[in-house]
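Chemist: Have a peek at structure-v1.cif (mmCIF, C-alpha atoms).
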data_entry
loop_
_atom_site.label_atom_id
_atom_site.label_comp_id
_atom_site.auth_asym_id
_atom_site.auth_seq_id
_atom_site.Cartn_x
_atom_site.Cartn_y
_atom_site.Cartn_z
CA GLU A 1 85.74 75.57 110.70
CA ALA A 2 87.42 75.59 107.29
CA GLN A 3 90.55 77.67 107.53
CA VAL A 4 94.17 78.32 106.69
CA THR A 5 96.41 78.93 109.67
CA GLN A 6 99.85 80.49 109.77
CA ASN A 7 102.39 80.74 112.55
CA PRO A 8 103.85 82.90 113.81
CA ARG A 9 101.68 85.91 113.07
CA TYR A 10 104.46 88.35 113.90
CA LEU A 11 108.19 87.78 113.88
CA ILE A 12 111.19 90.04 114.33
CA THR A 13 114.51 88.41 113.62
CA VAL A 14 118.07 89.24 112.63
CA THR A 15 119.92 88.78 109.37
CA GLY A 16 121.10 85.23 108.79
CA LYS A 17 119.04 83.46 111.44
CA LYS A 18 117.10 80.64 109.82
CA LEU A 19 113.36 80.68 110.30
CA THR A 20 110.29 78.74 109.27
CA VAL A 21 106.77 80.04 108.85
CA THR A 22 104.21 77.26 109.06
CA CYS A 23 101.02 77.02 107.04
CA SER A 24 98.27 74.48 107.47
CA GLN A 25 94.85 74.05 105.85
CA ASN A 26 91.99 71.74 106.82
CA MET A 27 90.03 71.83 103.54
CA ASN A 28 91.85 68.99 101.76
CA HIS A 29 93.02 71.41 99.08
CA GLU A 30 95.57 70.23 96.57
CA TYR A 31 96.96 73.66 95.70
CA MET A 32 98.89 75.76 98.18
CA SER A 33 100.88 78.91 97.64
CA TRP A 34 102.98 81.50 99.42
CA TYR A 35 102.81 85.21 98.65
CA ARG A 36 104.53 88.26 99.92
CA GLN A 37 102.83 91.63 99.94
CA ASP A 38 104.77 94.88 99.80
CA PRO A 39 103.43 98.44 99.43
CA GLY A 40 102.83 99.35 95.81
CA LEU A 41 103.77 95.90 94.57
CA GLY A 42 100.74 93.91 95.56
CA LEU A 43 100.79 90.19 96.19
CA ARG A 44 103.65 88.37 94.55
CA GLN A 45 103.87 84.62 94.48
CA ILE A 46 106.95 83.04 96.06
CA TYR A 47 106.34 79.30 95.63
CA TYR A 48 103.38 77.10 94.98
CA SER A 49 102.53 73.44 95.26
CA MET A 50 100.01 71.51 93.22
CA ASN A 51 100.09 68.46 95.47
CA VAL A 52 102.24 66.49 97.89
CA GLU A 53 105.91 66.48 96.84
CA VAL A 54 105.13 68.80 93.90
CA THR A 55 106.44 72.34 94.32
CA ASP A 56 107.56 75.02 91.92
CA LYS A 57 108.85 78.57 91.86
CA GLY A 58 106.61 81.56 91.60
CA ASP A 59 107.68 85.07 90.67
CA VAL A 60 110.03 85.84 93.56
CA PRO A 61 111.53 82.57 94.88
CA GLU A 62 115.06 83.78 95.66
CA GLY A 63 115.98 83.34 99.30
CA TYR A 64 113.08 81.01 100.09
CA LYS A 65 112.49 77.28 100.27
CA VAL A 66 109.34 75.24 100.70
CA SER A 67 108.36 71.64 101.21
CA ARG A 68 105.11 69.71 100.85
CA LYS A 69 105.43 66.42 102.67
CA GLU A 70 101.79 66.33 103.70
CA LYS A 71 98.76 67.65 101.91
CA ARG A 72 97.71 69.97 104.71
CA ASN A 73 101.08 71.63 105.44
CA PHE A 74 103.24 73.93 103.35
CA PRO A 75 106.01 75.57 105.41
CA LEU A 76 108.04 78.50 104.12
CA ILE A 77 111.73 78.43 105.04
CA LEU A 78 114.13 81.35 105.02
CA GLU A 79 117.58 79.81 105.37
CA SER A 80 119.42 83.12 105.76
CA PRO A 81 116.95 85.99 106.05
CA SER A 82 117.94 89.44 104.86
CA PRO A 83 116.33 92.85 105.43
CA ASN A 84 114.81 92.86 101.93
CA GLN A 85 112.67 89.92 103.04
CA THR A 86 110.88 92.15 105.52
CA SER A 87 107.30 91.85 104.33
CA LEU A 88 103.79 90.60 104.99
CA TYR A 89 103.50 86.94 104.02
CA PHE A 90 100.33 85.08 103.13
CA CYS A 91 99.75 81.40 102.65
CA ALA A 92 96.79 80.37 100.51
CA SER A 93 95.11 77.17 99.42
CA SER A 94 92.55 76.15 96.84
CA LEU A 95 91.11 73.23 94.99
CA LEU A 96 93.09 72.49 91.89
CA ALA A 97 90.88 72.88 88.87
CA SER A 98 91.40 73.81 85.28
CA GLY A 99 89.36 76.58 83.72
CA GLY A 100 85.98 77.71 84.96
CA ALA A 101 84.99 80.93 86.62
CA ARG A 102 85.44 79.62 90.13
CA SER A 103 88.67 77.76 89.64
CA GLY A 104 90.80 80.55 91.00
CA GLU A 105 89.21 81.08 94.40
CA GLN A 106 91.89 80.91 97.02
CA PHE A 107 91.56 80.92 100.78
CA PHE A 108 94.17 82.91 102.61
CA GLY A 109 95.72 82.58 106.00
CA PRO A 110 95.76 85.60 108.33
CA GLY A 111 99.27 86.64 107.34
CA THR A 112 102.69 86.72 108.98
CA ARG A 113 104.38 90.05 109.42
CA LEU A 114 108.13 89.48 109.27
CA THR A 115 110.78 92.04 110.10
CA VAL A 116 114.43 91.21 109.44
CA LEU A 117 116.89 93.55 111.13
CA ARG B 1 104.32 96.39 82.07
CA LYS B 2 102.50 94.79 84.98
CA GLU B 3 100.30 91.81 84.14
CA VAL B 4 97.41 93.29 86.07
CA GLU B 5 97.16 97.04 86.56
CA GLN B 6 94.93 99.05 88.83
CA ASP B 7 94.69 102.67 89.87
CA PRO B 8 95.94 102.61 93.49
CA GLY B 9 93.61 105.41 94.57
CA PRO B 10 92.64 106.24 97.20
CA PHE B 11 89.09 106.86 96.11
CA ASN B 12 87.44 109.01 98.76
CA VAL B 13 83.66 108.97 98.37
CA PRO B 14 80.72 109.95 100.58
CA GLU B 15 78.29 107.38 101.89
CA GLY B 16 75.65 106.57 99.32
CA ALA B 17 77.85 107.34 96.33
CA THR B 18 78.42 105.08 93.37
CA VAL B 19 82.05 104.30 92.65
CA ALA B 20 83.70 102.33 89.87
CA PHE B 21 87.12 100.72 89.63
CA ASN B 22 88.80 99.51 86.49
CA CYS B 23 91.56 97.02 86.00
CA THR B 24 93.48 96.04 82.88
CA TYR B 25 95.29 92.79 82.20
CA SER B 26 97.96 92.06 79.65
CA ASN B 27 97.62 88.34 78.98
CA SER B 28 94.95 87.77 76.35
CA ALA B 29 94.92 84.06 77.28
CA SER B 30 93.55 84.86 80.74
CA GLN B 31 90.64 82.63 81.51
CA SER B 32 88.91 83.79 84.64
CA PHE B 33 88.67 86.93 86.66
CA PHE B 34 87.88 87.92 90.20
CA TRP B 35 87.61 90.79 92.60
CA TYR B 36 89.02 90.25 96.06
CA ARG B 37 88.59 92.54 99.02
CA GLN B 38 91.35 93.20 101.54
CA ASP B 39 90.78 95.05 104.78
CA CYS B 40 93.71 96.84 106.36
CA ARG B 41 96.34 94.34 107.57
CA LYS B 42 94.01 91.41 106.91
CA GLU B 43 94.01 88.60 104.39
CA PRO B 44 92.38 89.00 100.96
CA LYS B 45 88.96 87.43 100.56
CA LEU B 46 87.02 86.67 97.42
CA LEU B 47 84.37 89.32 96.76
CA MET B 48 83.02 88.02 93.48
CA SER B 49 83.90 86.29 90.28
CA VAL B 50 83.58 88.16 87.00
CA TYR B 51 81.63 86.46 84.24
CA SER B 52 81.76 87.31 80.56
CA SER B 53 78.14 88.42 80.56
CA GLY B 54 78.61 90.61 83.61
CA ASN B 55 77.21 89.77 87.01
CA GLU B 56 75.69 91.41 90.01
CA ASP B 57 75.76 90.62 93.70
CA GLY B 58 73.64 93.03 95.67
CA ARG B 59 75.21 96.47 95.39
CA PHE B 60 78.20 95.14 93.47
CA THR B 61 78.37 94.73 89.71
CA ALA B 62 81.32 93.25 87.87
CA GLN B 63 81.93 93.42 84.14
CA LEU B 64 84.48 91.99 81.77
CA ASN B 65 85.55 93.36 78.42
CA ARG B 66 87.75 90.74 76.77
CA ALA B 67 88.34 92.78 73.62
CA SER B 68 89.84 95.65 75.59
CA GLN B 69 91.20 93.41 78.35
CA TYR B 70 89.70 95.19 81.25
CA ILE B 71 87.52 94.37 84.22
CA SER B 72 85.38 96.73 86.22
CA LEU B 73 83.73 96.76 89.61
CA LEU B 74 80.83 99.08 90.38
CA ILE B 75 79.69 99.68 93.95
CA ARG B 76 76.34 101.37 94.39
CA ASP B 77 75.08 103.07 97.55
CA SER B 78 78.50 102.92 99.23
CA LYS B 79 78.59 102.04 102.92
CA LEU B 80 81.25 102.89 105.47
CA SER B 81 81.93 99.15 105.70
CA ASP B 82 82.92 99.09 102.02
CA SER B 83 86.14 100.90 102.92
CA ALA B 84 88.90 98.50 101.94
CA THR B 85 91.36 97.72 99.18
CA TYR B 86 89.92 95.96 96.15
CA LEU B 87 92.22 93.60 94.30
CA CYS B 88 91.72 92.68 90.68
CA VAL B 89 92.76 89.07 90.12
CA VAL B 90 93.28 87.14 86.92
CA ASN B 91 93.64 83.41 86.32
CA THR B 92 95.80 82.82 83.27
CA GLY B 93 95.09 79.14 83.00
CA ALA B 94 95.19 75.73 84.55
CA GLY B 95 97.59 74.85 87.30
CA ARG B 96 100.86 76.67 87.85
CA ARG B 97 100.42 80.14 89.16
CA ALA B 98 96.63 80.04 89.23
CA LEU B 99 96.21 83.70 90.13
CA THR B 100 97.92 87.00 89.35
CA PHE B 101 96.98 89.87 91.64
CA GLY B 102 96.80 93.56 90.92
CA SER B 103 98.26 95.81 93.58
CA GLY B 104 94.81 97.02 94.57
CA THR B 105 92.63 100.11 94.63
CA ARG B 106 91.94 101.66 97.99
CA LEU B 107 88.44 102.89 98.74
CA GLN B 108 87.60 105.15 101.67
CA VAL B 109 83.92 105.80 102.21
CA GLN B 110 83.32 108.86 104.37
CA PRO B 111 80.30 109.75 106.51
#
As structure tokens - that is how I would like this structure written.

Modeler:
Amino acid sequence: EAQVTQNPRYLITVTGKKLTVTCSQNMNHEYMSWYRQDPGLGLRQIYYSMNVEVTDKGDVPEGYKVSRKEKRNFPLILESPSPNQTSLYFCASSLLASGGARSGEQFFGPGTRLTVL
Amino acid sequence: RKEVEQDPGPFNVPEGATVAFNCTYSNSASQSFFWYRQDCRKEPKLLMSVYSSGNEDGRFTAQLNRASQYISLLIRDSKLSDSATYLCVVNTGAGRRALTFGSGTRLQVQP
């Protein structure tokens, strides 16, 4: 089954304790992205990757790191989490294409609900 | 100004009603447009793409007005299962960010 998986699905942690949220896709997609979703603000992009070893900042990258050592995996790292990073996080992947009506379809993971105390 | 703006709702409609959502976008260079559906606490999923000539998928009709920079979604004969948040999504070009999401319009269909 084609899918994007994220782990953990739920996490409660404390300020300053490093954590990693994993993301994996089995569709051989080049493009992967992390979003956070907060009430009233919608989905905001944190980081994205257009291929292995190619990553770049999205709209809200502060406090986050990513890596793309393999095509299928795109972990999100919070080196020193703070309460304002409490949010619902989604990983997504898609084929990388330029233009065209279907070029923007992204497949999302089930989400990770993170609470930082 | 947000790049993609939607009325957050909620839109409360009875079963069988027709309901329409609008969305405006600010970047005139935007190239492609989509509606995604998000159920409560679940991941967004693509509902339909929006083509320049307008397109229909069953009870759903999407339209694009490039001159006025807005996109619409019309749902006919609403079902209880249509209750969800509908996200307007814009692709501003190749690579990079790929998609910009609106914050969504919540629809509640009532029996």

Chemist: I need the output of the PyMOL selection byres ((chain B) within 12 of (chain A)) for this file as a PDB file with C-alpha atoms, in the frame of the given file; which residues are they?

Modeler:
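Written file, part.pdb:
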ATOM      1  CA  LYS B   2     102.500  94.790  84.980  1.00  0.00           C
ATOM      2  CA  GLU B   3     100.300  91.810  84.140  1.00  0.00           C
ATOM      3  CA  VAL B   4      97.410  93.290  86.070  1.00  0.00           C
ATOM      4  CA  GLU B   5      97.160  97.040  86.560  1.00  0.00           C
ATOM      5  CA  GLN B   6      94.930  99.050  88.830  1.00  0.00           C
ATOM      6  CA  ASP B   7      94.690 102.670  89.870  1.00  0.00           C
ATOM      7  CA  PRO B   8      95.940 102.610  93.490  1.00  0.00           C
ATOM      8  CA  GLY B   9      93.610 105.410  94.570  1.00  0.00           C
ATOM      9  CA  ALA B  29      94.920  84.060  77.280  1.00  0.00           C
ATOM     10  CA  SER B  30      93.550  84.860  80.740  1.00  0.00           C
ATOM     11  CA  GLN B  31      90.640  82.630  81.510  1.00  0.00           C
ATOM     12  CA  SER B  32      88.910  83.790  84.640  1.00  0.00           C
ATOM     13  CA  PHE B  33      88.670  86.930  86.660  1.00  0.00           C
ATOM     14  CA  PHE B  34      87.880  87.920  90.200  1.00  0.00           C
ATOM     15  CA  TRP B  35      87.610  90.790  92.600  1.00  0.00           C
ATOM     16  CA  TYR B  36      89.020  90.250  96.060  1.00  0.00           C
ATOM     17  CA  ARG B  37      88.590  92.540  99.020  1.00  0.00           C
ATOM     18  CA  GLN B  38      91.350  93.200 101.540  1.00  0.00           C
ATOM     19  CA  ASP B  39      90.780  95.050 104.780  1.00  0.00           C
ATOM     20  CA  CYS B  40      93.710  96.840 106.360  1.00  0.00           C
ATOM     21  CA  ARG B  41      96.340  94.340 107.570  1.00  0.00           C
ATOM     22  CA  LYS B  42      94.010  91.410 106.910  1.00  0.00           C
ATOM     23  CA  GLU B  43      94.010  88.600 104.390  1.00  0.00           C
ATOM     24  CA  PRO B  44      92.380  89.000 100.960  1.00  0.00           C
ATOM     25  CA  LYS B  45      88.960  87.430 100.560  1.00  0.00           C
ATOM     26  CA  LEU B  46      87.020  86.670  97.420  1.00  0.00           C
ATOM     27  CA  LEU B  47      84.370  89.320  96.760  1.00  0.00           C
ATOM     28  CA  MET B  48      83.020  88.020  93.480  1.00  0.00           C
ATOM     29  CA  SER B  49      83.900  86.290  90.280  1.00  0.00           C
ATOM     30  CA  VAL B  50      83.580  88.160  87.000  1.00  0.00           C
ATOM     31  CA  TYR B  51      81.630  86.460  84.240  1.00  0.00           C
ATOM     32  CA  SER B  52      81.760  87.310  80.560  1.00  0.00           C
ATOM     33  CA  SER B  53      78.140  88.420  80.560  1.00  0.00           C
ATOM     34  CA  GLY B  54      78.610  90.610  83.610  1.00  0.00           C
ATOM     35  CA  ASN B  55      77.210  89.770  87.010  1.00  0.00           C
ATOM     36  CA  THR B  85      91.360  97.720  99.180  1.00  0.00           C
ATOM     37  CA  TYR B  86      89.920  95.960  96.150  1.00  0.00           C
ATOM     38  CA  LEU B  87      92.220  93.600  94.300  1.00  0.00           C
ATOM     39  CA  CYS B  88      91.720  92.680  90.680  1.00  0.00           C
ATOM     40  CA  VAL B  89      92.760  89.070  90.120  1.00  0.00           C
ATOM     41  CA  VAL B  90      93.280  87.140  86.920  1.00  0.00           C
ATOM     42  CA  ASN B  91      93.640  83.410  86.320  1.00  0.00           C
ATOM     43  CA  THR B  92      95.800  82.820  83.270  1.00  0.00           C
ATOM     44  CA  GLY B  93      95.090  79.140  83.000  1.00  0.00           C
ATOM     45  CA  ALA B  94      95.190  75.730  84.550  1.00  0.00           C
ATOM     46  CA  GLY B  95      97.590  74.850  87.300  1.00  0.00           C
ATOM     47  CA  ARG B  96     100.860  76.670  87.850  1.00  0.00           C
ATOM     48  CA  ARG B  97     100.420  80.140  89.160  1.00  0.00           C
ATOM     49  CA  ALA B  98      96.630  80.040  89.230  1.00  0.00           C
ATOM     50  CA  LEU B  99      96.210  83.700  90.130  1.00  0.00           C
ATOM     51  CA  THR B 100      97.920  87.000  89.350  1.00  0.00           C
ATOM     52  CA  PHE B 101      96.980  89.870  91.640  1.00  0.00           C
ATOM     53  CA  GLY B 102      96.800  93.560  90.920  1.00  0.00           C
ATOM     54  CA  SER B 103      98.260  95.810  93.580  1.00  0.00           C
ATOM     55  CA  GLY B 104      94.810  97.020  94.570  1.00  0.00           C
ATOM     56  CA  THR B 105      92.630 100.110  94.630  1.00  0.00           C
ATOM     57  CA  ARG B 106      91.940 101.660  97.990  1.00  0.00           C
TER      58      ARG B 106
END

Chemist: Expressed in Å to a single decimal, how great is the separation between atom CA of Gln6 of chain A and atom CA of Ser83 of chain B?

Modeler: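 Between these atoms lies a distance of 25.5 Å.
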
Chemist: Spell out the residues picked by the PyMOL selection byres ((chain A and resi 62) around 12) here, as a CSV table (one decimal) with C-alpha atoms, in the coordinates of the input.

Modeler:
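Once written, out-v5.csv looks like this:
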chain,number,residue,atom,x,y,z
A,45,GLN,CA,103.9,84.6,94.5
A,46,ILE,CA,107.0,83.0,96.1
A,47,TYR,CA,106.3,79.3,95.6
A,57,LYS,CA,108.8,78.6,91.9
A,58,GLY,CA,106.6,81.6,91.6
A,59,ASP,CA,107.7,85.1,90.7
A,60,VAL,CA,110.0,85.8,93.6
A,61,PRO,CA,111.5,82.6,94.9
A,63,GLY,CA,116.0,83.3,99.3
A,64,TYR,CA,113.1,81.0,100.1
A,65,LYS,CA,112.5,77.3,100.3
A,66,VAL,CA,109.3,75.2,100.7
A,77,ILE,CA,111.7,78.4,105.0
A,78,LEU,CA,114.1,81.4,105.0
A,79,GLU,CA,117.6,79.8,105.4
A,80,SER,CA,119.4,83.1,105.8
A,81,PRO,CA,117.0,86.0,106.0
A,82,SER,CA,117.9,89.4,104.9
A,84,ASN,CA,114.8,92.9,101.9
A,85,GLN,CA,112.7,89.9,103.0

Chemist: Hey, what's within 8 Å of Asp82 of chain B if we count only C-alpha atoms and toss same-chain stuff fewer than 6 positions away? As a count of residues only, please?

Modeler: 3

Chemist: Do you know which residues the PyMOL selection byres ((chain A and resi 24-27) around 9) returns on this file, as a PyMOL selection string?

Modeler: chain A and resi 1-6+22-23+28-29+32+71-75+91-95+109
